[in-house]
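Input: a single structure, listed below in structure tokens.
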Amino acid sequence: MKFFARFGRANPRHTFAYDTLAIVTACTIFAVIATFALAHESSYFDEGFTSYLARFSPFEIAYYTALDVHPPLYYITLHYWQSIVGIDVFWLRFFSIIWAWIAIILTFILVKEWFGRMASYSTLLFITMSPLFIRYSEAMRMYTMAIAIVVGATYILVRLLSHSHQSTMRRRMLWASYGVLVSAGMWTNYFTAFIWIAHLLWILSERHSTSSTKEKKEYTSHLKRWVFAVGLAIILYIPWLPWLIVRFTEVQATGFWILPVSITTITSTITTSLVYLDASKATNWVAPLICLYTAAIVYVCIWTYRRLNRPQRRIYRLFLLCAMIPIVGLLLLSLPPFRSSFVYRYVLNGVFFMTIVMGISFALVRFQHHNTVKKSGLYTIAIIVMCIAVVNVFQAGNRSLDTGVKNMVSQTITKIHNSDIQAPIISRSPYTYFTASQYETTRFPVYYTFSESLSDVGSTHVLYDHPDKRGIKDIQAFAQKHTAIWLLSEDISSATTPPQPGWIKTKYIVINDSKTGRPAAYASLYQKP
């Protein structure tokens, strides 16, 4: 601890160098952890759909996302990134790492400004080793982009409410920037709305809690400007607002695949956020370790809050609200009469802010006796839990937290590529095709067959509206043009039904899930007799 304390008392001339070194080190370690975990794992449906959609123009992307459940901004930004790096899965996933870096850097700056350098260094440790943050930084999805946006907006809001000496023009520009980020967040992920609600509740609560007439007037002024900024955000969001209403109404009317919330939803949110394990699987020594760690988190948070000065308490309360509102809000919106929509990735913004609170609290807590020993013990427990979490992320790979299914399509295609038979690959499922299309080569083009039962599903429109690309309406007619065909599937029947009667299966590939031992993907080579 004395080693770190030396950095906290560093000569001002050296602080920039130390801070830069800390940020670069944290970002490098984070990137190594995140990219190592899934660098060789298969893409899965959500990522395959993302990559395929990003190949279209921005206007086409907006059209097709209007038929799905997410807004289009991330897909549009990925479209331009994909035009640079191509469809390589690793580099498309790396786009999420870049957004994660932005979130890490902004968090460091914000925490350092209000809680000091030691708190900022501690926060770097906690967010760099946060398992859910790592997991969704590995995915070709919009979650880290959303986190970067909400952290950026939070940073601007804090500056606006804490630096009254700024010029009128600068304040207007900052409020406008805040409004743009609020809108950008909603164009990226609907659930950023909980952060904007947390911001509003923070302004209202600070106004209510102050006894100073002058401060009440200031907060009233801040509230009016916040409403102006959100009004700007709504104006910028109007083109997409009807589709938000349509999708929400549709999900509430027809249901969704997400299971109802239960008491295990809450406990598993805690265990998954801390050690990346469902509560039912946090067994043996992991269970008491999580209980001990959770108790330590509660203790250090209460101790830190009580001893912060008044300005720091205000910012600490903001972070707590940003941590709690997304989780509590989504839980409430998942209770009857609403349909459940509670999954871990939708509360990732809240988990990220809770990680910030933990980093600050562990750094600032003090003990009357044996402070160094006790703080070292606290950090030791924290680091042990973090290491367990990272190992669990590695072991889980791309396994879905929602279904427990592990996608192994890329491993199957690799075996096909290594075979001695060059032939087209056909998927009878559009969902499998989205994944497989990312691994297409000129020697092994990937196709899909049409399914009438899936023609009205939002995510399939982008395929069925462009049958000229890789669509097959008549597999028997397609088979007549080839002497051999690979059938790729995640269920056995689709991979073992011949493309045409009389064709002979000459090769058969089965990829088993190493954890469950059950088959996860199949491929069959059929040749013309």
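Going by the structure tokens order, chains are called A, B, ..., each with residues numbered from 1, while ligands are numbered from 1 in the order shown.
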Once you count only C-alpha atoms, what closest atom pair and distance in Å to one decimal does each residue of region 260-326 of chain A within 10 Å of region 334-348 of chain A have, with rows by chain and rising residue number, as JSON lines?
{"residue": "A:Pro260", "atom": "CA", "partner": "A:Ser340", "partner_atom": "CA", "distance": 5.3}
{"residue": "A:Val261", "atom": "CA", "partner": "A:Ser340", "partner_atom": "CA", "distance": 6.7}
{"residue": "A:Ser262", "atom": "CA", "partner": "A:Leu335", "partner_atom": "CA", "distance": 9.5}
{"residue": "A:Thr265", "atom": "CA", "partner": "A:Phe342", "partner_atom": "CA", "distance": 8.4}
{"residue": "A:Ser268", "atom": "CA", "partner": "A:Tyr344", "partner_atom": "CA", "distance": 9.3}
{"residue": "A:Thr269", "atom": "CA", "partner": "A:Tyr344", "partner_atom": "CA", "distance": 6.9}
{"residue": "A:Thr272", "atom": "CA", "partner": "A:Tyr344", "partner_atom": "CA", "distance": 8.3}
{"residue": "A:Ser273", "atom": "CA", "partner": "A:Tyr344", "partner_atom": "CA", "distance": 8.5}
{"residue": "A:Ala323", "atom": "CA", "partner": "A:Val347", "partner_atom": "CA", "distance": 8.9}
{"residue": "A:Met324", "atom": "CA", "partner": "A:Val347", "partner_atom": "CA", "distance": 9.4}
{"residue": "A:Ile325", "atom": "CA", "partner": "A:Val347", "partner_atom": "CA", "distance": 9.2}
{"residue": "A:Pro326", "atom": "CA", "partner": "A:Val347", "partner_atom": "CA", "distance": 5.6}
Excluding same-chain residues fewer than 2 positions from region 280-293 of chain A, what lies within 12 Å of it counting only C-alpha atoms, as an NGL selection string? :A and (263-278 or 295-300 or 358 or 362 or 377-386 or 388-389 or 392)
Write a file of the just-selected residues containing N, CA and C atoms, as a tab-separated table (two decimals), in the first residue's frame.
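And here's out36.tsv as it stands now:
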chain	number	residue	atom	x	y	z
A	263	ILE	N	-36.69	-14.50	-7.63
A	263	ILE	CA	-35.70	-14.15	-6.61
A	263	ILE	C	-34.29	-14.51	-7.07
A	264	THR	N	-34.18	-15.57	-7.89
A	264	THR	CA	-32.86	-15.95	-8.39
A	264	THR	C	-32.34	-14.95	-9.42
A	265	THR	N	-33.25	-14.18	-10.02
A	265	THR	CA	-32.81	-13.14	-10.95
A	265	THR	C	-31.93	-12.14	-10.22
A	266	ILE	N	-32.35	-11.77	-9.00
A	266	ILE	CA	-31.59	-10.79	-8.21
A	266	ILE	C	-30.28	-11.38	-7.73
A	267	THR	N	-30.34	-12.58	-7.16
A	267	THR	CA	-29.11	-13.18	-6.64
A	267	THR	C	-28.13	-13.49	-7.77
A	268	SER	N	-28.65	-13.94	-8.90
A	268	SER	CA	-27.77	-14.26	-10.02
A	268	SER	C	-27.18	-13.01	-10.65
A	269	THR	N	-27.91	-11.89	-10.59
A	269	THR	CA	-27.34	-10.63	-11.08
A	269	THR	C	-26.12	-10.25	-10.26
A	270	ILE	N	-26.19	-10.47	-8.95
A	270	ILE	CA	-25.05	-10.18	-8.07
A	270	ILE	C	-23.88	-11.12	-8.37
A	271	THR	N	-24.16	-12.43	-8.40
A	271	THR	CA	-23.07	-13.39	-8.60
A	271	THR	C	-22.47	-13.29	-9.99
A	272	THR	N	-23.31	-13.04	-11.00
A	272	THR	CA	-22.79	-12.91	-12.36
A	272	THR	C	-21.95	-11.65	-12.49
A	273	SER	N	-22.36	-10.57	-11.85
A	273	SER	CA	-21.60	-9.33	-11.91
A	273	SER	C	-20.26	-9.45	-11.21
A	274	LEU	N	-20.19	-10.29	-10.18
A	274	LEU	CA	-18.96	-10.41	-9.40
A	274	LEU	C	-18.04	-11.52	-9.89
A	275	VAL	N	-18.60	-12.72	-10.16
A	275	VAL	CA	-17.75	-13.86	-10.52
A	275	VAL	C	-18.17	-14.55	-11.81
A	276	TYR	N	-19.13	-13.98	-12.53
A	276	TYR	CA	-19.60	-14.54	-13.80
A	276	TYR	C	-20.11	-15.97	-13.63
A	277	LEU	N	-20.92	-16.16	-12.60
A	277	LEU	CA	-21.56	-17.45	-12.36
A	277	LEU	C	-23.00	-17.22	-11.97
A	278	ASP	N	-23.90	-18.07	-12.46
A	278	ASP	CA	-25.27	-18.08	-11.98
A	278	ASP	C	-25.26	-18.44	-10.50
A	295	ALA	N	-20.40	-8.44	1.59
A	295	ALA	CA	-20.44	-7.73	2.88
A	295	ALA	C	-19.36	-6.64	2.93
A	296	ALA	N	-18.17	-6.95	2.40
A	296	ALA	CA	-17.08	-5.96	2.38
A	296	ALA	C	-17.46	-4.77	1.50
A	297	ILE	N	-18.11	-5.04	0.36
A	297	ILE	CA	-18.52	-3.95	-0.54
A	297	ILE	C	-19.51	-3.03	0.16
A	298	VAL	N	-20.50	-3.63	0.84
A	298	VAL	CA	-21.50	-2.82	1.55
A	298	VAL	C	-20.83	-1.99	2.63
A	299	TYR	N	-19.91	-2.60	3.38
A	299	TYR	CA	-19.23	-1.89	4.46
A	299	TYR	C	-18.42	-0.71	3.94
A	300	VAL	N	-17.58	-0.94	2.93
A	300	VAL	CA	-16.70	0.13	2.46
A	300	VAL	C	-17.51	1.24	1.78
A	358	MET	N	-17.46	0.83	-6.36
A	358	MET	CA	-16.61	-0.09	-5.62
A	358	MET	C	-15.15	0.35	-5.67
A	362	PHE	N	-13.19	1.24	-2.15
A	362	PHE	CA	-12.05	0.45	-1.69
A	362	PHE	C	-10.81	1.32	-1.54
A	377	GLY	N	-5.79	-6.70	2.96
A	377	GLY	CA	-6.68	-7.86	2.99
A	377	GLY	C	-7.91	-7.65	2.12
A	378	LEU	N	-8.47	-6.43	2.16
A	378	LEU	CA	-9.63	-6.12	1.32
A	378	LEU	C	-9.30	-6.27	-0.16
A	379	TYR	N	-8.19	-5.67	-0.55
A	379	TYR	CA	-7.80	-5.75	-1.96
A	379	TYR	C	-7.43	-7.17	-2.36
A	380	THR	N	-6.88	-7.95	-1.41
A	380	THR	CA	-6.57	-9.35	-1.71
A	380	THR	C	-7.84	-10.13	-2.02
A	381	ILE	N	-8.88	-9.93	-1.18
A	381	ILE	CA	-10.16	-10.60	-1.44
A	381	ILE	C	-10.72	-10.17	-2.79
A	382	ALA	N	-10.66	-8.85	-3.06
A	382	ALA	CA	-11.18	-8.32	-4.32
A	382	ALA	C	-10.45	-8.92	-5.51
A	383	ILE	N	-9.14	-8.99	-5.43
A	383	ILE	CA	-8.34	-9.51	-6.56
A	383	ILE	C	-8.59	-11.00	-6.75
A	384	ILE	N	-8.75	-11.75	-5.65
A	384	ILE	CA	-9.07	-13.18	-5.77
A	384	ILE	C	-10.40	-13.36	-6.50
A	385	VAL	N	-11.41	-12.58	-6.10
A	385	VAL	CA	-12.72	-12.66	-6.75
A	385	VAL	C	-12.60	-12.27	-8.23
A	386	MET	N	-11.84	-11.22	-8.51
A	386	MET	CA	-11.67	-10.79	-9.90
A	386	MET	C	-11.00	-11.87	-10.74
A	388	ILE	N	-11.03	-15.12	-10.20
A	388	ILE	CA	-12.02	-16.18	-10.41
A	388	ILE	C	-12.97	-15.79	-11.53
A	389	ALA	N	-13.40	-14.53	-11.51
A	389	ALA	CA	-14.33	-14.05	-12.53
A	389	ALA	C	-13.72	-14.13	-13.93
A	392	ASN	N	-13.58	-17.61	-15.12
A	392	ASN	CA	-14.92	-18.07	-15.52
A	392	ASN	C	-15.31	-17.52	-16.89
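Residues within 8 Å of region 148-160 of chain A, counting only C-alpha atoms and excluding same-chain residues fewer than 3 positions away, are A:Trp99, A:Ala100, A:Ile102, A:Ala103, A:Leu106, A:Thr107, A:Leu110, A:Thr144, A:Met145, A:His163, A:Ser164, A:Arg171, A:Leu174, A:Trp175, A:Ser177, A:Tyr178, A:Leu181, A:Val182, A:Ala184, A:Gly185, A:Thr192, A:Ile195, A:His199, A:Ile315, A:Asn349.
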Please return, as a list of chain:residue names, all residues of region 316-506 of chain A that DSSP assigns to strand (DSSP E) on the basis of the backbone. A:Ile425, A:Ile426, A:Ser427, A:Val446, A:Tyr447, A:Tyr448, A:Thr449, A:Gly471, A:Ile472, A:Ala484, A:Ile485, A:Trp486, A:Leu487, A:Leu488, A:Ser489, A:Ile504, A:Lys505, A:Thr506
Could you write those residues out with N, CA, C and O atoms, as a PDB file, in the first residue's frame?
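The file below, part-v5.pdb, is the result:
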ATOM      1  N   ILE A 425     -21.299 -24.591 -48.884  1.00  0.00           N
ATOM      2  CA  ILE A 425     -21.856 -24.921 -47.568  1.00  0.00           C
ATOM      3  C   ILE A 425     -23.275 -24.366 -47.511  1.00  0.00           C
ATOM      4  O   ILE A 425     -23.502 -23.194 -47.809  1.00  0.00           O
ATOM      5  N   ILE A 426     -24.227 -25.201 -47.117  1.00  0.00           N
ATOM      6  CA  ILE A 426     -25.624 -24.775 -47.042  1.00  0.00           C
ATOM      7  C   ILE A 426     -26.117 -24.901 -45.599  1.00  0.00           C
ATOM      8  O   ILE A 426     -25.921 -25.922 -44.946  1.00  0.00           O
ATOM      9  N   SER A 427     -26.754 -23.827 -45.128  1.00  0.00           N
ATOM     10  CA  SER A 427     -27.434 -23.860 -43.836  1.00  0.00           C
ATOM     11  C   SER A 427     -28.931 -23.784 -44.068  1.00  0.00           C
ATOM     12  O   SER A 427     -29.406 -22.913 -44.801  1.00  0.00           O
ATOM     13  N   VAL A 446     -20.977 -19.820 -48.631  1.00  0.00           N
ATOM     14  CA  VAL A 446     -22.016 -20.238 -47.689  1.00  0.00           C
ATOM     15  C   VAL A 446     -23.379 -19.745 -48.186  1.00  0.00           C
ATOM     16  O   VAL A 446     -23.533 -18.578 -48.553  1.00  0.00           O
ATOM     17  N   TYR A 447     -24.375 -20.646 -48.176  1.00  0.00           N
ATOM     18  CA  TYR A 447     -25.727 -20.339 -48.644  1.00  0.00           C
ATOM     19  C   TYR A 447     -26.740 -20.673 -47.539  1.00  0.00           C
ATOM     20  O   TYR A 447     -26.418 -21.348 -46.561  1.00  0.00           O
ATOM     21  N   TYR A 448     -27.967 -20.219 -47.741  1.00  0.00           N
ATOM     22  CA  TYR A 448     -29.050 -20.562 -46.824  1.00  0.00           C
ATOM     23  C   TYR A 448     -30.290 -20.910 -47.643  1.00  0.00           C
ATOM     24  O   TYR A 448     -30.454 -20.460 -48.780  1.00  0.00           O
ATOM     25  N   THR A 449     -31.164 -21.705 -47.065  1.00  0.00           N
ATOM     26  CA  THR A 449     -32.439 -22.033 -47.716  1.00  0.00           C
ATOM     27  C   THR A 449     -33.562 -21.223 -47.074  1.00  0.00           C
ATOM     28  O   THR A 449     -33.513 -20.915 -45.886  1.00  0.00           O
ATOM     29  N   GLY A 471     -29.271 -16.768 -51.187  1.00  0.00           N
ATOM     30  CA  GLY A 471     -30.488 -17.491 -50.875  1.00  0.00           C
ATOM     31  C   GLY A 471     -30.766 -18.627 -51.844  1.00  0.00           C
ATOM     32  O   GLY A 471     -30.498 -18.523 -53.041  1.00  0.00           O
ATOM     33  N   ILE A 472     -31.310 -19.731 -51.319  1.00  0.00           N
ATOM     34  CA  ILE A 472     -31.699 -20.896 -52.125  1.00  0.00           C
ATOM     35  C   ILE A 472     -33.175 -21.178 -51.879  1.00  0.00           C
ATOM     36  O   ILE A 472     -33.579 -21.497 -50.753  1.00  0.00           O
ATOM     37  N   ALA A 484     -21.114 -32.036 -55.110  1.00  0.00           N
ATOM     38  CA  ALA A 484     -20.975 -32.261 -53.668  1.00  0.00           C
ATOM     39  C   ALA A 484     -21.479 -31.014 -52.935  1.00  0.00           C
ATOM     40  O   ALA A 484     -21.359 -29.888 -53.429  1.00  0.00           O
ATOM     41  N   ILE A 485     -22.037 -31.227 -51.739  1.00  0.00           N
ATOM     42  CA  ILE A 485     -22.577 -30.130 -50.927  1.00  0.00           C
ATOM     43  C   ILE A 485     -22.336 -30.444 -49.459  1.00  0.00           C
ATOM     44  O   ILE A 485     -22.553 -31.579 -49.006  1.00  0.00           O
ATOM     45  N   TRP A 486     -21.888 -29.424 -48.728  1.00  0.00           N
ATOM     46  CA  TRP A 486     -21.796 -29.533 -47.275  1.00  0.00           C
ATOM     47  C   TRP A 486     -23.082 -28.989 -46.663  1.00  0.00           C
ATOM     48  O   TRP A 486     -23.530 -27.892 -47.005  1.00  0.00           O
ATOM     49  N   LEU A 487     -23.674 -29.730 -45.750  1.00  0.00           N
ATOM     50  CA  LEU A 487     -24.823 -29.243 -44.978  1.00  0.00           C
ATOM     51  C   LEU A 487     -24.351 -28.913 -43.572  1.00  0.00           C
ATOM     52  O   LEU A 487     -23.775 -29.769 -42.884  1.00  0.00           O
ATOM     53  N   LEU A 488     -24.569 -27.694 -43.160  1.00  0.00           N
ATOM     54  CA  LEU A 488     -24.128 -27.210 -41.849  1.00  0.00           C
ATOM     55  C   LEU A 488     -25.339 -26.901 -40.997  1.00  0.00           C
ATOM     56  O   LEU A 488     -26.286 -26.259 -41.462  1.00  0.00           O
ATOM     57  N   SER A 489     -25.331 -27.348 -39.745  1.00  0.00           N
ATOM     58  CA  SER A 489     -26.494 -27.105 -38.895  1.00  0.00           C
ATOM     59  C   SER A 489     -26.117 -27.197 -37.421  1.00  0.00           C
ATOM     60  O   SER A 489     -25.081 -27.755 -37.060  1.00  0.00           O
ATOM     61  N   ILE A 504     -25.316 -39.450 -51.433  1.00  0.00           N
ATOM     62  CA  ILE A 504     -24.624 -40.284 -50.437  1.00  0.00           C
ATOM     63  C   ILE A 504     -23.830 -39.405 -49.472  1.00  0.00           C
ATOM     64  O   ILE A 504     -23.087 -38.509 -49.893  1.00  0.00           O
ATOM     65  N   LYS A 505     -24.006 -39.677 -48.174  1.00  0.00           N
ATOM     66  CA  LYS A 505     -23.235 -38.957 -47.152  1.00  0.00           C
ATOM     67  C   LYS A 505     -21.863 -39.601 -47.032  1.00  0.00           C
ATOM     68  O   LYS A 505     -21.749 -40.772 -46.648  1.00  0.00           O
ATOM     69  N   THR A 506     -20.815 -38.856 -47.382  1.00  0.00           N
ATOM     70  CA  THR A 506     -19.466 -39.415 -47.387  1.00  0.00           C
ATOM     71  C   THR A 506     -18.604 -38.926 -46.224  1.00  0.00           C
ATOM     72  O   THR A 506     -17.584 -39.540 -45.927  1.00  0.00           O
TER      73      THR A 506
END
With only C-alpha atoms as the counted atoms, please give the residues lying no more than 10 Å from Lys507 (chain A), apart from itself and same-chain residues fewer than 4 positions off, as a list of chain:residue names. A:Ile416, A:Ser419, A:Ile421, A:Trp486, A:Ala523, A:Ser524, A:Leu525, A:Tyr526, A:Gln527
If I take CA of Lys406 (chain A) and CA of Ser43 (chain A), how far is one from the other in Å, to one decimal?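 So the answer is 10.0 Å.
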DSSP-assigned alpha helix (DSSP H) among region 310-373 of chain A, expressed as a PyMOL selection string: chain A and resi 310-333+348-364+371-373
Quick one: everything within 8 Å of Leu200 (chain A), counting only C-alpha atoms, minus sequence neighbours fewer than 3 positions away in the same chain. Send it as a tab-separated table (two decimals) with C-alpha atoms, in the first residue's frame.
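Printed below is out.tsv as written:
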chain	number	residue	atom	x	y	z
A	196	TRP	CA	-30.98	9.73	-18.14
A	197	ILE	CA	-33.68	9.02	-15.53
A	203	ILE	CA	-30.81	16.83	-9.90
A	204	LEU	CA	-34.21	16.62	-8.18
A	223	LEU	CA	-33.31	21.42	-14.00
A	226	TRP	CA	-31.61	19.70	-18.31
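Atom pair CA of Thr435 (chain A) / CA of Ile33 (chain A): separated by 23.4 Å.
Residues in contact range of region 58-61 of chain A, defined as at most 8 Å between only C-alpha atoms, with sequence neighbours fewer than 2 positions away removed, read Leu53, Ala54, Phe56, Tyr63, Tyr64, Thr65, Pro72, Tyr75, Ile76 and His79 of chain A.
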Determine the nearest neighbour of Ser514 (chain A) from the options A:His482, A:Ile413, A:Ala396, A:Thr372, counting only C-alpha atoms. A:Ala396
In terms of the shortest atom-to-atom distance over only C-alpha atoms, which of A:Tyr52, A:Trp503, A:Trp114, A:Phe228 is closest to Arg470 (chain A)? A:Tyr52
Enter the distance from CA of Val390 (chain A) to CA of Thr123 (chain A), in Å, rounded to one decimal.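 Pair CA of Val390 (chain A) / CA of Thr123 (chain A) returns 16.7 Å.
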